[in-house]
$ cat protein.pdb   # PDB, C-alpha atoms and all ligand atoms
MODEL        1
ATOM      1  CA  MET A  15      59.843  15.952  99.949  1.00  0.00           C
ATOM      2  CA  ARG A  16      57.112  18.259  98.671  1.00  0.00           C
ATOM      3  CA  ASP A  17      56.586  20.727 101.475  1.00  0.00           C
ATOM      4  CA  VAL A  18      58.607  23.943 101.147  1.00  0.00           C
ATOM      5  CA  ASP A  19      59.015  24.373 104.906  1.00  0.00           C
ATOM      6  CA  ALA A  20      60.220  20.807 105.308  1.00  0.00           C
ATOM      7  CA  ARG A  21      62.732  21.389 102.544  1.00  0.00           C
ATOM      8  CA  ARG A  22      63.837  24.611 104.170  1.00  0.00           C
ATOM      9  CA  ARG A  23      64.566  22.704 107.356  1.00  0.00           C
ATOM     10  CA  VAL A  24      66.788  20.333 105.387  1.00  0.00           C
ATOM     11  CA  HIS A  25      68.425  23.316 103.704  1.00  0.00           C
ATOM     12  CA  ASP A  26      69.165  24.776 107.142  1.00  0.00           C
ATOM     13  CA  LEU A  27      70.784  21.478 108.090  1.00  0.00           C
ATOM     14  CA  PHE A  28      72.926  21.711 104.976  1.00  0.00           C
ATOM     15  CA  LEU A  29      74.035  25.273 105.789  1.00  0.00           C
ATOM     16  CA  LYS A  30      75.010  24.218 109.285  1.00  0.00           C
ATOM     17  CA  ALA A  31      76.879  21.101 108.142  1.00  0.00           C
ATOM     18  CA  ASN A  32      78.531  22.941 105.273  1.00  0.00           C
ATOM     19  CA  ALA A  33      79.955  25.603 107.582  1.00  0.00           C
ATOM     20  CA  VAL A  34      81.465  22.839 109.720  1.00  0.00           C
ATOM     21  CA  ALA A  35      82.724  21.079 106.574  1.00  0.00           C
ATOM     22  CA  ALA A  36      84.442  24.198 105.207  1.00  0.00           C
ATOM     23  CA  ALA A  37      86.407  24.589 108.439  1.00  0.00           C
ATOM     24  CA  MET A  38      87.745  21.017 108.127  1.00  0.00           C
ATOM     25  CA  PHE A  39      89.798  21.797 105.019  1.00  0.00           C
ATOM     26  CA  PRO A  40      93.209  23.522 105.018  1.00  0.00           C
ATOM     27  CA  HIS A  41      92.887  27.254 105.446  1.00  0.00           C
ATOM     28  CA  GLU A  42      94.075  28.059 101.921  1.00  0.00           C
ATOM     29  CA  LYS A  43      91.359  25.851 100.391  1.00  0.00           C
ATOM     30  CA  GLN A  44      88.410  27.104 102.401  1.00  0.00           C
ATOM     31  CA  ASP A  45      87.479  30.008 100.113  1.00  0.00           C
ATOM     32  CA  LEU A  46      87.464  27.703  97.105  1.00  0.00           C
ATOM     33  CA  TYR A  47      85.359  25.183  99.021  1.00  0.00           C
ATOM     34  CA  ARG A  48      82.840  27.876  99.923  1.00  0.00           C
ATOM     35  CA  SER A  49      82.571  28.878  96.261  1.00  0.00           C
ATOM     36  CA  PHE A  50      81.204  25.441  95.280  1.00  0.00           C
ATOM     37  CA  LYS A  51      77.493  24.894  94.729  1.00  0.00           C
ATOM     38  CA  LEU A  52      76.920  21.741  96.739  1.00  0.00           C
ATOM     39  CA  GLU A  53      73.127  21.471  96.922  1.00  0.00           C
ATOM     40  CA  GLY A  54      69.972  22.451  95.072  1.00  0.00           C
ATOM     41  CA  ILE A  55      67.431  21.785  97.795  1.00  0.00           C
ATOM     42  CA  MET A  56      65.232  24.843  97.320  1.00  0.00           C
ATOM     43  CA  GLU A  57      65.627  25.195  93.520  1.00  0.00           C
ATOM     44  CA  ALA A  58      65.215  21.592  92.397  1.00  0.00           C
ATOM     45  CA  PRO A  59      61.638  20.669  91.475  1.00  0.00           C
ATOM     46  CA  VAL A  60      62.020  17.259  93.099  1.00  0.00           C
ATOM     47  CA  ASN A  61      63.734  16.348  96.364  1.00  0.00           C
ATOM     48  CA  LEU A  62      63.850  12.693  97.325  1.00  0.00           C
ATOM     49  CA  CYS A  63      65.137  11.074 100.497  1.00  0.00           C
ATOM     50  CA  VAL A  64      66.060   7.408  99.994  1.00  0.00           C
ATOM     51  CA  THR A  65      66.036   5.327 103.163  1.00  0.00           C
ATOM     52  CA  CYS A  66      67.087   1.809 104.072  1.00  0.00           C
ATOM     53  CA  ASP A  67      65.357  -0.408 106.624  1.00  0.00           C
ATOM     54  CA  PRO A  68      67.973  -2.926 107.823  1.00  0.00           C
ATOM     55  CA  ASP A  69      65.283  -4.967 109.617  1.00  0.00           C
ATOM     56  CA  ARG A  70      62.881  -5.344 106.717  1.00  0.00           C
ATOM     57  CA  ALA A  71      63.651  -8.984 105.955  1.00  0.00           C
ATOM     58  CA  ARG A  72      65.150 -10.051 109.256  1.00  0.00           C
ATOM     59  CA  PRO A  73      66.347 -12.150 110.938  1.00  0.00           C
ATOM     60  CA  VAL A  74      68.416 -13.695 108.120  1.00  0.00           C
ATOM     61  CA  VAL A  75      68.698 -12.164 104.677  1.00  0.00           C
ATOM     62  CA  ILE A  76      70.292 -13.811 101.652  1.00  0.00           C
ATOM     63  CA  GLY A  77      73.355 -11.770 100.753  1.00  0.00           C
ATOM     64  CA  ARG A  78      73.653 -10.141 104.142  1.00  0.00           C
ATOM     65  CA  THR A  79      74.784 -13.092 106.210  1.00  0.00           C
ATOM     66  CA  HIS A  80      78.424 -11.984 106.151  1.00  0.00           C
ATOM     67  CA  ILE A  81      78.667  -8.374 105.063  1.00  0.00           C
ATOM     68  CA  LYS A  82      76.067  -6.527 107.076  1.00  0.00           C
ATOM     69  CA  THR A  83      76.371  -3.270 105.142  1.00  0.00           C
ATOM     70  CA  MET A  84      75.090  -4.876 101.913  1.00  0.00           C
ATOM     71  CA  ASP A  85      71.646  -3.407 102.578  1.00  0.00           C
ATOM     72  CA  SER A  86      73.053   0.099 102.253  1.00  0.00           C
ATOM     73  CA  CYS A  87      74.944  -0.985  99.129  1.00  0.00           C
ATOM     74  CA  SER A  88      71.672  -2.166  97.584  1.00  0.00           C
ATOM     75  CA  ALA A  89      70.014   1.141  98.400  1.00  0.00           C
ATOM     76  CA  VAL A  90      72.928   2.993  96.808  1.00  0.00           C
ATOM     77  CA  CYS A  91      72.596   0.807  93.681  1.00  0.00           C
ATOM     78  CA  ALA A  92      68.955   1.832  93.518  1.00  0.00           C
ATOM     79  CA  VAL A  93      70.061   5.465  93.718  1.00  0.00           C
ATOM     80  CA  GLN A  94      72.512   4.889  90.890  1.00  0.00           C
ATOM     81  CA  ASN A  95      69.782   3.274  88.761  1.00  0.00           C
ATOM     82  CA  LEU A  96      67.542   6.261  89.393  1.00  0.00           C
ATOM     83  CA  TRP A  97      70.460   8.529  88.494  1.00  0.00           C
ATOM     84  CA  LEU A  98      71.119   6.775  85.176  1.00  0.00           C
ATOM     85  CA  ALA A  99      67.417   6.728  84.303  1.00  0.00           C
ATOM     86  CA  ALA A 100      67.136  10.433  85.106  1.00  0.00           C
ATOM     87  CA  ARG A 101      70.181  11.266  82.983  1.00  0.00           C
ATOM     88  CA  ALA A 102      68.753   9.206  80.113  1.00  0.00           C
ATOM     89  CA  GLU A 103      65.661  11.430  80.356  1.00  0.00           C
ATOM     90  CA  GLY A 104      67.836  14.553  80.229  1.00  0.00           C
ATOM     91  CA  LEU A 105      67.469  15.284  83.944  1.00  0.00           C
ATOM     92  CA  GLY A 106      70.227  15.995  86.430  1.00  0.00           C
ATOM     93  CA  VAL A 107      70.621  14.459  89.866  1.00  0.00           C
ATOM     94  CA  GLY A 108      72.561  15.862  92.798  1.00  0.00           C
ATOM     95  CA  TRP A 109      73.274  13.951  95.966  1.00  0.00           C
ATOM     96  CA  VAL A 110      73.375  16.167  99.052  1.00  0.00           C
ATOM     97  CA  SER A 111      75.499  14.344 101.586  1.00  0.00           C
ATOM     98  CA  ILE A 112      76.768  17.289 103.610  1.00  0.00           C
ATOM     99  CA  LEU A 113      74.172  16.744 106.298  1.00  0.00           C
ATOM    100  CA  ASP A 114      74.272  15.522 109.885  1.00  0.00           C
ATOM    101  CA  GLN A 115      72.627  12.126 109.481  1.00  0.00           C
ATOM    102  CA  ASP A 116      71.036  12.075 112.943  1.00  0.00           C
ATOM    103  CA  ALA A 117      69.741  15.621 112.512  1.00  0.00           C
ATOM    104  CA  LEU A 118      68.262  14.640 109.131  1.00  0.00           C
ATOM    105  CA  ARG A 119      66.643  11.599 110.695  1.00  0.00           C
ATOM    106  CA  GLN A 120      65.145  13.785 113.413  1.00  0.00           C
ATOM    107  CA  THR A 121      63.998  16.512 111.024  1.00  0.00           C
ATOM    108  CA  LEU A 122      62.202  14.016 108.775  1.00  0.00           C
ATOM    109  CA  GLY A 123      60.889  11.906 111.652  1.00  0.00           C
ATOM    110  CA  ILE A 124      62.661   8.784 110.408  1.00  0.00           C
ATOM    111  CA  PRO A 125      62.586   6.198 113.210  1.00  0.00           C
ATOM    112  CA  GLU A 126      65.529   4.025 114.269  1.00  0.00           C
ATOM    113  CA  PRO A 127      66.844   1.740 112.832  1.00  0.00           C
ATOM    114  CA  ILE A 128      65.893   3.122 109.410  1.00  0.00           C
ATOM    115  CA  VAL A 129      68.828   4.893 107.805  1.00  0.00           C
ATOM    116  CA  PRO A 130      68.507   7.962 105.586  1.00  0.00           C
ATOM    117  CA  VAL A 131      70.897   6.857 102.833  1.00  0.00           C
ATOM    118  CA  ALA A 132      70.616   9.579 100.217  1.00  0.00           C
ATOM    119  CA  TYR A 133      69.076  13.010  99.912  1.00  0.00           C
ATOM    120  CA  LEU A 134      68.667  13.738  96.206  1.00  0.00           C
ATOM    121  CA  CYS A 135      67.791  16.820  94.178  1.00  0.00           C
ATOM    122  CA  LEU A 136      66.379  16.169  90.697  1.00  0.00           C
ATOM    123  CA  GLY A 137      65.627  18.572  87.927  1.00  0.00           C
ATOM    124  CA  TRP A 138      66.618  20.218  84.691  1.00  0.00           C
ATOM    125  CA  VAL A 139      70.151  21.546  84.840  1.00  0.00           C
ATOM    126  CA  GLU A 140      71.768  24.445  83.011  1.00  0.00           C
ATOM    127  CA  GLY A 141      74.461  22.231  81.529  1.00  0.00           C
ATOM    128  CA  TYR A 142      77.034  19.577  82.137  1.00  0.00           C
ATOM    129  CA  HIS A 143      80.754  20.064  82.615  1.00  0.00           C
ATOM    130  CA  ARG A 144      83.004  18.390  80.055  1.00  0.00           C
ATOM    131  CA  GLN A 145      85.675  18.029  82.713  1.00  0.00           C
ATOM    132  CA  PRO A 146      84.803  17.020  86.291  1.00  0.00           C
ATOM    133  CA  GLU A 147      83.957  20.245  88.112  1.00  0.00           C
ATOM    134  CA  LEU A 148      86.311  19.750  91.044  1.00  0.00           C
ATOM    135  CA  GLU A 149      89.185  18.927  88.691  1.00  0.00           C
ATOM    136  CA  LYS A 150      88.470  22.056  86.658  1.00  0.00           C
ATOM    137  CA  ALA A 151      88.428  24.164  89.814  1.00  0.00           C
ATOM    138  CA  GLY A 152      91.843  22.776  90.834  1.00  0.00           C
ATOM    139  CA  TRP A 153      90.434  21.082  93.925  1.00  0.00           C
ATOM    140  CA  ARG A 154      91.786  17.633  93.104  1.00  0.00           C
ATOM    141  CA  GLN A 155      93.453  16.081  90.112  1.00  0.00           C
ATOM    142  CA  ARG A 156      92.574  12.830  88.411  1.00  0.00           C
ATOM    143  CA  LEU A 157      94.710   9.926  89.657  1.00  0.00           C
ATOM    144  CA  PRO A 158      96.824   7.873  87.224  1.00  0.00           C
ATOM    145  CA  ILE A 159      94.787   4.835  86.212  1.00  0.00           C
ATOM    146  CA  GLU A 160      97.751   2.486  86.730  1.00  0.00           C
ATOM    147  CA  ASP A 161      97.734   3.342  90.458  1.00  0.00           C
ATOM    148  CA  LEU A 162      94.121   2.224  90.725  1.00  0.00           C
ATOM    149  CA  LEU A 163      94.166  -1.022  88.784  1.00  0.00           C
ATOM    150  CA  HIS A 164      95.379  -4.249  90.390  1.00  0.00           C
ATOM    151  CA  PHE A 165      95.554  -7.572  88.561  1.00  0.00           C
ATOM    152  CA  ASP A 166      94.493 -10.735  90.415  1.00  0.00           C
ATOM    153  CA  ARG A 167      95.597  -9.463  93.834  1.00  0.00           C
ATOM    154  CA  TRP A 168      96.169  -6.135  95.547  1.00  0.00           C
ATOM    155  CA  GLY A 169      99.322  -4.647  94.036  1.00  0.00           C
ATOM    156  CA  GLY A 170      99.350  -7.163  91.162  1.00  0.00           C
ATOM    157  CA  THR A 171     100.701  -5.746  87.893  1.00  0.00           C
ATOM    158  CA  ASP A 172     100.613  -6.989  84.307  1.00  0.00           C
ATOM    159  CA  SER A 173     102.287  -4.837  81.699  1.00  0.00           C
ATOM    160  CA  GLN A 174     101.071  -7.200  78.932  1.00  0.00           C
ATOM    161  CA  ASP A 175      97.390  -6.747  79.661  1.00  0.00           C
ATOM    162  CA  PRO A 176      95.935  -4.351  77.077  1.00  0.00           C
ATOM    163  CA  LEU A 177      93.448  -2.924  79.578  1.00  0.00           C
ATOM    164  CA  LEU A 178      95.856  -0.223  80.748  1.00  0.00           C
ATOM    165  CA  ASP A 179      96.510   0.943  77.188  1.00  0.00           C
ATOM    166  CA  TRP A 180      92.815   0.975  76.473  1.00  0.00           C
ATOM    167  CA  LEU A 181      92.096   2.991  79.575  1.00  0.00           C
ATOM    168  CA  ARG A 182      94.903   5.444  78.835  1.00  0.00           C
ATOM    169  CA  ASN A 183      94.284   5.877  75.129  1.00  0.00           C
ATOM    170  CA  ASP A 184      90.744   4.837  74.370  1.00  0.00           C
ATOM    171  CA  SER A 185      88.731   5.242  77.533  1.00  0.00           C
ATOM    172  CA  GLN A 186      85.686   5.853  75.352  1.00  0.00           C
ATOM    173  CA  ALA A 187      85.961   2.263  74.092  1.00  0.00           C
ATOM    174  CA  VAL A 188      85.879   1.055  77.676  1.00  0.00           C
ATOM    175  CA  ALA A 189      82.895   3.251  78.478  1.00  0.00           C
ATOM    176  CA  ASP A 190      81.092   2.015  75.365  1.00  0.00           C
ATOM    177  CA  GLY A 191      81.729  -1.602  76.308  1.00  0.00           C
ATOM    178  CA  ARG A 192      83.772  -2.273  73.160  1.00  0.00           C
ATOM    179  CA  PHE A 193      86.687  -3.332  75.344  1.00  0.00           C
ATOM    180  CA  LEU A 194      84.598  -6.002  77.062  1.00  0.00           C
ATOM    181  CA  ALA A 195      83.043  -7.099  73.775  1.00  0.00           C
ATOM    182  CA  ASP A 196      86.559  -7.675  72.366  1.00  0.00           C
ATOM    183  CA  ARG A 197      87.542  -9.735  75.388  1.00  0.00           C
ATOM    184  CA  LEU A 198      84.401 -11.845  75.401  1.00  0.00           C
ATOM    185  CA  ASP A 199      84.533 -12.552  71.688  1.00  0.00           C
ATOM    186  CA  PRO A 200      86.494 -15.822  71.358  1.00  0.00           C
TER     187      PRO A 200
HETATM  188  C1  LIG B   1      77.837   9.440  97.513  1.00  0.00           C
HETATM  189  C2  LIG B   1      77.831  10.808  96.842  1.00  0.00           C
HETATM  190  C3  LIG B   1      77.681  11.930  97.622  1.00  0.00           C
HETATM  191  C4  LIG B   1      77.684  13.196  97.032  1.00  0.00           C
HETATM  192  N1  LIG B   1      77.508  14.308  97.798  1.00  0.00           N
HETATM  193  C5  LIG B   1      77.462  15.512  97.215  1.00  0.00           C
HETATM  194  C6  LIG B   1      77.185  16.691  97.956  1.00  0.00           C
HETATM  195  O1  LIG B   1      76.979  16.667  99.168  1.00  0.00           O
HETATM  196  N2  LIG B   1      77.146  17.867  97.296  1.00  0.00           N
HETATM  197  C7  LIG B   1      77.376  17.945  95.938  1.00  0.00           C
HETATM  198  O2  LIG B   1      77.328  19.036  95.367  1.00  0.00           O
HETATM  199  N3  LIG B   1      77.633  16.848  95.217  1.00  0.00           N
HETATM  200  C8  LIG B   1      77.666  15.656  95.816  1.00  0.00           C
HETATM  201  N4  LIG B   1      77.891  14.557  95.059  1.00  0.00           N
HETATM  202  C9  LIG B   1      78.162  14.697  93.594  1.00  0.00           C
HETATM  203  C10 LIG B   1      76.968  15.168  92.831  1.00  0.00           C
HETATM  204  O3  LIG B   1      75.754  14.723  93.314  1.00  0.00           O
HETATM  205  C11 LIG B   1      77.039  14.857  91.332  1.00  0.00           C
HETATM  206  O4  LIG B   1      78.273  14.452  90.931  1.00  0.00           O
HETATM  207  C12 LIG B   1      76.635  16.075  90.598  1.00  0.00           C
HETATM  208  O5  LIG B   1      75.311  16.348  90.877  1.00  0.00           O
HETATM  209  C13 LIG B   1      76.835  15.948  89.093  1.00  0.00           C
HETATM  210  O6  LIG B   1      76.051  14.953  88.575  1.00  0.00           O
HETATM  211  P1  LIG B   1      76.601  14.037  87.403  1.00  0.00           P
HETATM  212  O7  LIG B   1      77.724  13.253  88.022  1.00  0.00           O
HETATM  213  O8  LIG B   1      75.416  13.183  87.015  1.00  0.00           O
HETATM  214  O9  LIG B   1      77.049  14.928  86.315  1.00  0.00           O
HETATM  215  C14 LIG B   1      77.867  13.308  95.639  1.00  0.00           C
HETATM  216  C15 LIG B   1      77.999  12.153  94.860  1.00  0.00           C
HETATM  217  C16 LIG B   1      77.981  10.925  95.447  1.00  0.00           C
HETATM  218  C17 LIG B   1      78.130   9.703  94.579  1.00  0.00           C
ENDMDL
END
$ encode --input "protein.pdb" --output "structure tokens"
Amino acid sequence: MRDVDARRRVHDLFLKANAVAAAMFPHEKQDLYRSFKLEGIMEAPVNLCVTCDPDRARPVVIGRTHIKTMDSCSAVCAVQNLWLAARAEGLGVGWVSILDQDALRQTLGIPEPIVPVAYLCLGWVEGYHRQPELEKAGWRQRLPIEDLLHFDRWGGTDSQDPLLDWLRNDSQAVADGRFLADRLDP
């Protein structure tokens, strides 16, 4: 997305969608919501719209025979790869998802059945938050890890498994892959 006017049209879509979004939250949270910076469409040097064509390899696609939404998942993985590569280069990425998808499709002339999956803003950023921004702002708190981890089946618990302790006390080891390395080492 190189053209300034085209970007401005997307920015207008964001403003419209964001006003609707703000009104969806409880009254007492709306001012805080409106204080968040949720896009960088006009400032970011690079805007990128990632699309997915569900018909590209039809009629039958390996990996999509049963879960039809896997094509979107693949596109999102590609976005994540781009995100990690950008961060490794010292760049920031922002995903602007507060957009009416049909309006975005129309604005960019994207034909059916192609889906606009992600609208991304890339560029140099002023800095990174040590703590997740929404947590710092008191919007939502981090959930306890034990509520999110299930062993072997939904709701399955295992107080002996060291993973919980690792996650609670040494999450850096998990992020670094040391936890996995320990488990894989016979
Ligand atoms: C699927 C998805 C949708 C998102 N939508 C928005 C959004 O509409 N506005 C926004 O400010 N951040 C959104 N984010 C979060 C930011 O893009 C991202 O967390 C932020 O730019 C900080 O980047 P970092 O996580 O690399 O530090 C979204 C993230 C994801 C994964």
$ atom_distance --input "protein.pdb" --atom1 "atom CA of Ala195 of chain A" --atom2 "atom CA of Leu178 of chain A"
16.1 Å
$ residues_around --input "protein.pdb" --residues "Gln120 of chain A" --least-positions-apart "2" --cutoff "12 Å" --atoms "only C-alpha atoms" --output "PyMOL selection string"
chain A and resi 20+23-24+27+113-118+122-126+128-130
$ closest_residue --input "protein.pdb" --among "A:Pro158, A:Gly108, A:Pro176, A:Gly169" --to "ligand LIG 1 (chain B)" --atoms "only C-alpha atoms and all ligand atoms"
A:Gly108
$ resolve_selection --input "protein.pdb" --expression "the PyMOL selection byres (((not hetatm)) within 8 of (chain B and resi 1))" --output "VMD selection string"
chain A and resid 50 to 53 97 to 98 101 106 to 113 132 134 142 to 143
$ atom_distance --input "protein.pdb" --atom1 "atom CA of Val64 of chain A" --atom2 "atom CA of Ala102 of chain A"
20.1 Å
$ resolve_selection --input "protein.pdb" --expression "the PyMOL selection byres (((chain A and resi 55) around 8) and not hetatm)" --output "ChimeraX atom specification"
/A:21-22,24-25,53-54,56-58,61,135
$ residues_around --input "protein.pdb" --residues "Glu42 of chain A" --least-positions-apart "6" --cutoff "12 Å" --atoms "only C-alpha atoms" --output "list in words"
Ala36, Arg48 and Trp153 of chain A
$ build_atoms --input "protein.pdb" --residues "segment 42-60 of chain A" --atoms "N, CA and C atoms" --output "PDB file, in the frame of the given file"
ATOM      1  N   GLU A  42      93.929  27.483 103.269  1.00  0.00           N
ATOM      2  CA  GLU A  42      94.075  28.059 101.921  1.00  0.00           C
ATOM      3  C   GLU A  42      93.050  27.490 100.932  1.00  0.00           C
ATOM      4  N   LYS A  43      92.348  26.414 101.311  1.00  0.00           N
ATOM      5  CA  LYS A  43      91.359  25.851 100.391  1.00  0.00           C
ATOM      6  C   LYS A  43      89.925  26.234 100.764  1.00  0.00           C
ATOM      7  N   GLN A  44      89.772  26.886 101.900  1.00  0.00           N
ATOM      8  CA  GLN A  44      88.410  27.104 102.401  1.00  0.00           C
ATOM      9  C   GLN A  44      87.583  28.051 101.522  1.00  0.00           C
ATOM     10  N   ASP A  45      88.236  29.082 100.967  1.00  0.00           N
ATOM     11  CA  ASP A  45      87.479  30.008 100.113  1.00  0.00           C
ATOM     12  C   ASP A  45      86.980  29.293  98.863  1.00  0.00           C
ATOM     13  N   LEU A  46      87.864  28.451  98.290  1.00  0.00           N
ATOM     14  CA  LEU A  46      87.464  27.703  97.105  1.00  0.00           C
ATOM     15  C   LEU A  46      86.314  26.766  97.463  1.00  0.00           C
ATOM     16  N   TYR A  47      86.434  26.087  98.581  1.00  0.00           N
ATOM     17  CA  TYR A  47      85.359  25.183  99.021  1.00  0.00           C
ATOM     18  C   TYR A  47      84.033  25.941  99.115  1.00  0.00           C
ATOM     19  N   ARG A  48      84.086  27.112  99.726  1.00  0.00           N
ATOM     20  CA  ARG A  48      82.840  27.876  99.923  1.00  0.00           C
ATOM     21  C   ARG A  48      82.258  28.371  98.607  1.00  0.00           C
ATOM     22  N   SER A  49      83.082  28.408  97.559  1.00  0.00           N
ATOM     23  CA  SER A  49      82.571  28.878  96.261  1.00  0.00           C
ATOM     24  C   SER A  49      81.795  27.772  95.517  1.00  0.00           C
ATOM     25  N   PHE A  50      81.887  26.537  95.980  1.00  0.00           N
ATOM     26  CA  PHE A  50      81.204  25.441  95.280  1.00  0.00           C
ATOM     27  C   PHE A  50      79.714  25.428  95.585  1.00  0.00           C
ATOM     28  N   LYS A  51      78.940  25.087  94.534  1.00  0.00           N
ATOM     29  CA  LYS A  51      77.493  24.894  94.729  1.00  0.00           C
ATOM     30  C   LYS A  51      77.300  23.426  95.065  1.00  0.00           C
ATOM     31  N   LEU A  52      76.932  23.133  96.289  1.00  0.00           N
ATOM     32  CA  LEU A  52      76.920  21.741  96.739  1.00  0.00           C
ATOM     33  C   LEU A  52      75.530  21.215  97.073  1.00  0.00           C
ATOM     34  N   GLU A  53      74.508  21.938  96.716  1.00  0.00           N
ATOM     35  CA  GLU A  53      73.127  21.471  96.922  1.00  0.00           C
ATOM     36  C   GLU A  53      72.187  22.274  96.039  1.00  0.00           C
ATOM     37  N   GLY A  54      70.979  21.722  95.841  1.00  0.00           N
ATOM     38  CA  GLY A  54      69.972  22.451  95.072  1.00  0.00           C
ATOM     39  C   GLY A  54      68.606  22.263  95.727  1.00  0.00           C
ATOM     40  N   ILE A  55      68.623  22.215  97.046  1.00  0.00           N
ATOM     41  CA  ILE A  55      67.431  21.785  97.795  1.00  0.00           C
ATOM     42  C   ILE A  55      66.212  22.660  97.507  1.00  0.00           C
ATOM     43  N   MET A  56      66.398  23.971  97.505  1.00  0.00           N
ATOM     44  CA  MET A  56      65.232  24.843  97.320  1.00  0.00           C
ATOM     45  C   MET A  56      64.896  25.060  95.836  1.00  0.00           C
ATOM     46  N   GLU A  57      65.889  24.948  94.948  1.00  0.00           N
ATOM     47  CA  GLU A  57      65.627  25.195  93.520  1.00  0.00           C
ATOM     48  C   GLU A  57      65.098  23.975  92.778  1.00  0.00           C
ATOM     49  N   ALA A  58      65.562  22.790  93.178  1.00  0.00           N
ATOM     50  CA  ALA A  58      65.215  21.592  92.397  1.00  0.00           C
ATOM     51  C   ALA A  58      63.724  21.299  92.526  1.00  0.00           C
ATOM     52  N   PRO A  59      63.066  20.965  91.400  1.00  0.00           N
ATOM     53  CA  PRO A  59      61.638  20.669  91.475  1.00  0.00           C
ATOM     54  C   PRO A  59      61.331  19.425  92.296  1.00  0.00           C
ATOM     55  N   VAL A  60      62.270  18.488  92.344  1.00  0.00           N
ATOM     56  CA  VAL A  60      62.020  17.259  93.099  1.00  0.00           C
ATOM     57  C   VAL A  60      63.163  17.012  94.082  1.00  0.00           C
TER      58      VAL A  60
END
